[in-house]
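**Student:** Sharing a structure here in C-alpha cells format.
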Amino acid sequence: MSRTATPAPSIRRVAIVGAGTIGASWAALFLAHGLSVVVSDPAPDAEAQTRARVQAAWPVLKELGRVAEGASFDALVFEPDLARALVDADFVQENAPEREDFKIDLFTRMDALLPAHVIVASSSSGLIMSRLQARCQHPERFVIGHPFNPPHLIPLVEVVGGDKTSSEVIDQSIAFYKAIGKYPIRLNKEVPGHIANRLQAALWREAIHLAAENVASVADIDAAVSQGPGLRWALFGPHMTFNLGGGAGGLANFMDHLLGPVQTWWDDLGAPEMTQELQRKLIEGVAAEAGQRSIADIVHARDAQLTALIKVLHR
C-alpha cells in the first residue's frame, strides 16, 4: 500500500453518509460514545427513519453500559446535503447502496469536499476498495470498515485498505474502532466479500444444497446450526473449535484422526443451482419457520437475545 496520509486529528465529529439500518446503527453507537454525529441521506423519509432506529437502539446500548455520561440520541444532526454534512467531519462512515459505480462516484465527490487528513471508511459488505478509490485525488485515506449488522451490537469490523490506502490510515481506523468498543480485524489482502461474508456464504450454500436435496426441512437445517455449532461459534471460530475437538493433542491430533472423514465431507459438498423452484422452496421454508412472527418480531427477539449473550460474553 502506498502514499502516506496526513495523520488524522482526534476524532470527535463523525459524518455518516447513507442512513438505512446500517447507518442508523452506526449513528446510535457513535452517539452513545459521546461523539458529534451528522447523518446525510437524500431520501425523503431518511431522517424520520434514522431517528426512530437510533431511539430504538438506545435502551439496549444503555443496558450494555455503552452510553457515555451526557450522551443523548437527541444530539443527532441530520443534513441531507452532502457538502454541508461533511463540514468539520473528522471521520466519515459511508453506508451507501452496494453498487460499485455509485460508490466510485460518491467517493470522488467526498474526496473533493474533505480535507486530505479525514479518513473515509466504507461499510461495503464485499466490494474491492482498490476499485472504489481509483478516481480519488487522496486515495490513501479510503479504507473498508465493514461492520456486521447491527453495528451497535455486533463487535466485528473488517478493516482492509486498497492498493493506495496508507498503512497509517488502516492503523488509525483500527484504533478508532477499538476506542468505541468494536473488535476490528485486519485483512492482509482484498477479497470479494471480505472474510465473514465469505464464511457465511459457504455455509449457506451447503444449507441450500441440503434443502434442495430434501435432506431436511429449512427449519431443521437452520436448527442444526443455531442449536448446535452456532452456540460454540459464539465463543470460538472454526480453527479453535476443531483444536478443542482434538482433545489434549489439539488440532494436530484432530487432523491425525479425523482429517480423512472431513475430506470426504468436503468432497461431497454441493453447489446448488438457484432455480426459481428452489428459491420458492427456501422462501416457503423460512416462512414456515417464522410462523406468525413478523420480521419486526424476529428482529426484536434477535436483538434481545444478542444483548443477553453479549452481556455474558463481555462481563
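We name chains A, B, ... following the order of the C-alpha cells; residues begin at 1 in each chain, and ligands are numbered from 1 as shown.
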Excluding same-chain residues fewer than 2 positions from Pro192 (chain A), what lies within 12 Å of it counting only C-alpha atoms, as a list in words?
**Tutor:** Ser124, Ser125, Gly126, Leu127, Ile128, Met129, Ser130, Arg131, Ile144, Val160, Leu187, Lys189, Glu190, His194, Ile195, Ala196, Asn197, Arg198, Leu199 and Ala201 of chain A
**Student:** Which parts of region 19-214 of chain A does DSSP call helix (DSSP H, G or I) when run on the backbone here, written out as a ChimeraX atom specification?
**Tutor:** /A:20-32,46-63,73-75,82-85,100-113,129-132,139-141,167-179,196-212
**Student:** List the neighbours of region 220-234 of chain A out to 10 Å using only C-alpha atoms; skip same-chain residues closer than 6 positions along the sequence, and give me the result as JSON, numbers by chain.
**Tutor:** {"A": [203, 204, 206, 207, 208, 210, 211, 240, 241, 285, 286, 289, 309, 310, 313]}
**Student:** Just write the chosen residues, C-alpha atoms, as a PDB file, in the first residue's frame.
**Tutor:**
ATOM      1  CA  LEU A 203     -22.247 -22.282   4.989  1.00  0.00           C
ATOM      2  CA  TRP A 204     -25.430 -21.010   3.330  1.00  0.00           C
ATOM      3  CA  GLU A 206     -24.331 -26.043   1.751  1.00  0.00           C
ATOM      4  CA  ALA A 207     -27.541 -25.326   3.698  1.00  0.00           C
ATOM      5  CA  ILE A 208     -29.279 -24.605   0.374  1.00  0.00           C
ATOM      6  CA  LEU A 210     -29.215 -29.830   1.816  1.00  0.00           C
ATOM      7  CA  ALA A 211     -32.644 -28.236   1.365  1.00  0.00           C
ATOM      8  CA  MET A 240     -10.080 -23.135  17.654  1.00  0.00           C
ATOM      9  CA  THR A 241     -13.249 -25.235  17.750  1.00  0.00           C
ATOM     10  CA  GLY A 285     -39.493 -22.910   4.238  1.00  0.00           C
ATOM     11  CA  VAL A 286     -38.337 -19.808   6.069  1.00  0.00           C
ATOM     12  CA  GLU A 289     -40.066 -21.399  10.282  1.00  0.00           C
ATOM     13  CA  LEU A 309     -25.360 -13.127  25.027  1.00  0.00           C
ATOM     14  CA  ILE A 310     -23.062 -10.106  24.764  1.00  0.00           C
ATOM     15  CA  LEU A 313     -19.504 -12.915  26.981  1.00  0.00           C
TER      16      LEU A 313
END
**Student:** Show which residues sit within 9 Å of Ser122 (chain A), as a list in words. Count only C-alpha atoms, and ignore same-chain residues fewer than 6 positions away.
**Tutor:**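 The filter keeps Val92, Gln93, Glu94, Asn95, Ala96, Met129, Phe142, Val143, Ile144, Gly145 and His146 of chain A.
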**Student:** Write the selection just made, keeping N, CA, C and O atoms, as an mmCIF file, in the first residue's frame?
**Tutor:**
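Result went into out.cif, see below:
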data_model
loop_
_atom_site.group_PDB
_atom_site.id
_atom_site.type_symbol
_atom_site.label_atom_id
_atom_site.label_comp_id
_atom_site.auth_asym_id
_atom_site.auth_seq_id
_atom_site.Cartn_x
_atom_site.Cartn_y
_atom_site.Cartn_z
ATOM 1 N N VAL A 92 -15.426 9.757 8.388
ATOM 2 C CA VAL A 92 -16.652 9.507 7.626
ATOM 3 C C VAL A 92 -16.891 8.001 7.575
ATOM 4 O O VAL A 92 -15.978 7.228 7.245
ATOM 5 N N GLN A 93 -18.109 7.599 7.910
ATOM 6 C CA GLN A 93 -18.516 6.200 7.767
ATOM 7 C C GLN A 93 -19.571 6.146 6.677
ATOM 8 O O GLN A 93 -20.682 6.642 6.834
ATOM 9 N N GLU A 94 -19.206 5.555 5.540
ATOM 10 C CA GLU A 94 -20.084 5.540 4.362
ATOM 11 C C GLU A 94 -20.889 4.246 4.314
ATOM 12 O O GLU A 94 -20.337 3.155 4.520
ATOM 13 N N ASN A 95 -22.207 4.386 4.030
ATOM 14 C CA ASN A 95 -23.108 3.229 4.000
ATOM 15 C C ASN A 95 -24.064 3.303 2.810
ATOM 16 O O ASN A 95 -25.240 2.948 2.924
ATOM 17 N N ALA A 96 -23.575 3.789 1.693
ATOM 18 C CA ALA A 96 -24.407 3.977 0.509
ATOM 19 C C ALA A 96 -24.740 2.631 -0.128
ATOM 20 O O ALA A 96 -24.184 1.593 0.259
ATOM 21 N N MET A 129 -11.882 -2.138 -2.381
ATOM 22 C CA MET A 129 -11.527 -0.734 -2.194
ATOM 23 C C MET A 129 -10.610 -0.214 -3.292
ATOM 24 O O MET A 129 -10.698 0.948 -3.686
ATOM 25 N N PHE A 142 -8.849 6.309 2.075
ATOM 26 C CA PHE A 142 -10.047 5.485 1.932
ATOM 27 C C PHE A 142 -9.765 4.052 2.391
ATOM 28 O O PHE A 142 -8.757 3.456 2.012
ATOM 29 N N VAL A 143 -10.672 3.503 3.187
ATOM 30 C CA VAL A 143 -10.475 2.184 3.770
ATOM 31 C C VAL A 143 -11.839 1.511 3.920
ATOM 32 O O VAL A 143 -12.862 2.178 4.042
ATOM 33 N N ILE A 144 -11.847 0.182 3.888
ATOM 34 C CA ILE A 144 -13.057 -0.566 4.223
ATOM 35 C C ILE A 144 -13.122 -0.701 5.737
ATOM 36 O O ILE A 144 -12.153 -1.106 6.389
ATOM 37 N N GLY A 145 -14.288 -0.371 6.307
ATOM 38 C CA GLY A 145 -14.574 -0.630 7.719
ATOM 39 C C GLY A 145 -15.923 -1.320 7.764
ATOM 40 O O GLY A 145 -16.933 -0.694 8.077
ATOM 41 N N HIS A 146 -15.951 -2.596 7.408
ATOM 42 C CA HIS A 146 -17.220 -3.332 7.244
ATOM 43 C C HIS A 146 -17.697 -3.891 8.575
ATOM 44 O O HIS A 146 -17.045 -4.744 9.168
#
**Student:** So the first atom is CA of His239 (chain A) and the second is CA of Leu251 (chain A); what is the distance between them in Å, to one decimal place?
**Tutor:**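 Interatomic distance here is 7.9 Å.
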**Student:** Any idea what the distance is between CA of Ala56 (chain A) and CA of Ala28 (chain A)?
**Tutor:**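 Going from CA of Ala56 (chain A) over to CA of Ala28 (chain A) covers 9.1 Å.
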**Student:** Between A:Ile16, A:Lys182, A:Leu282, A:Asp256, single out the one closest to Ala216 (chain A), counting only C-alpha atoms.
**Tutor:**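 Closest candidate: A:Leu282.
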**Student:** Which residues are close to region 166-173 of chain A, i.e. within 12 Å by only C-alpha atoms, leaving aside same-chain residues fewer than 4 positions away? Reply as an mmCIF file with C-alpha atoms, in the first residue's frame.
**Tutor:**
data_model
loop_
_atom_site.group_PDB
_atom_site.id
_atom_site.type_symbol
_atom_site.label_atom_id
_atom_site.label_comp_id
_atom_site.auth_asym_id
_atom_site.auth_seq_id
_atom_site.Cartn_x
_atom_site.Cartn_y
_atom_site.Cartn_z
ATOM 1 C CA MET A 1 0.000 0.000 0.000
ATOM 2 C CA SER A 2 1.372 3.338 -0.987
ATOM 3 C CA ARG A 3 1.318 7.014 -0.116
ATOM 4 C CA THR A 4 1.291 8.353 3.408
ATOM 5 C CA ALA A 5 -1.782 10.206 4.627
ATOM 6 C CA THR A 6 -1.517 13.220 6.883
ATOM 7 C CA PRO A 7 -2.054 11.987 10.476
ATOM 8 C CA ALA A 8 -5.706 12.385 11.493
ATOM 9 C CA PRO A 9 -6.525 14.647 14.413
ATOM 10 C CA SER A 10 -8.524 13.359 17.378
ATOM 11 C CA ILE A 11 -11.867 12.111 16.106
ATOM 12 C CA ASP A 90 -13.023 14.133 11.458
ATOM 13 C CA PHE A 91 -14.111 10.701 10.209
ATOM 14 C CA VAL A 92 -16.652 9.507 7.626
ATOM 15 C CA GLN A 93 -18.516 6.200 7.767
ATOM 16 C CA ALA A 116 -6.849 15.391 2.997
ATOM 17 C CA HIS A 117 -6.432 14.116 6.559
ATOM 18 C CA VAL A 118 -10.056 12.961 7.013
ATOM 19 C CA ILE A 119 -10.443 9.175 6.854
ATOM 20 C CA VAL A 120 -13.334 7.771 4.824
ATOM 21 C CA ALA A 121 -14.337 4.255 5.879
ATOM 22 C CA SER A 122 -16.788 2.252 3.808
ATOM 23 C CA SER A 130 -8.806 -0.585 -4.851
ATOM 24 C CA HIS A 138 -6.372 11.350 -1.998
ATOM 25 C CA PRO A 139 -6.966 7.595 -2.246
ATOM 26 C CA GLU A 140 -4.659 6.976 0.701
ATOM 27 C CA ARG A 141 -7.394 7.969 3.180
ATOM 28 C CA PHE A 142 -10.047 5.485 1.932
ATOM 29 C CA VAL A 143 -10.475 2.184 3.770
ATOM 30 C CA ILE A 144 -13.057 -0.566 4.223
ATOM 31 C CA GLY A 145 -14.574 -0.630 7.719
ATOM 32 C CA HIS A 146 -17.220 -3.332 7.244
ATOM 33 C CA VAL A 157 -15.417 -4.694 11.977
ATOM 34 C CA GLU A 158 -13.396 -5.941 8.981
ATOM 35 C CA VAL A 159 -10.701 -3.423 8.056
ATOM 36 C CA VAL A 160 -8.846 -3.581 4.746
ATOM 37 C CA GLY A 161 -7.301 -0.978 2.501
ATOM 38 C CA GLY A 162 -6.983 -0.732 -1.237
ATOM 39 C CA TYR A 177 -12.955 1.339 16.173
ATOM 40 C CA LYS A 178 -11.291 -0.165 19.246
ATOM 41 C CA ALA A 179 -11.852 3.090 21.128
ATOM 42 C CA ILE A 180 -15.616 2.768 20.625
ATOM 43 C CA LYS A 182 -15.595 -2.622 18.398
ATOM 44 C CA TYR A 183 -13.483 -5.692 17.576
ATOM 45 C CA PRO A 184 -11.647 -4.759 14.362
ATOM 46 C CA ILE A 185 -9.764 -7.395 12.404
ATOM 47 C CA ARG A 186 -7.129 -6.568 9.784
ATOM 48 C CA LEU A 187 -7.296 -8.208 6.365
ATOM 49 C CA ASN A 188 -3.878 -8.617 4.765
#
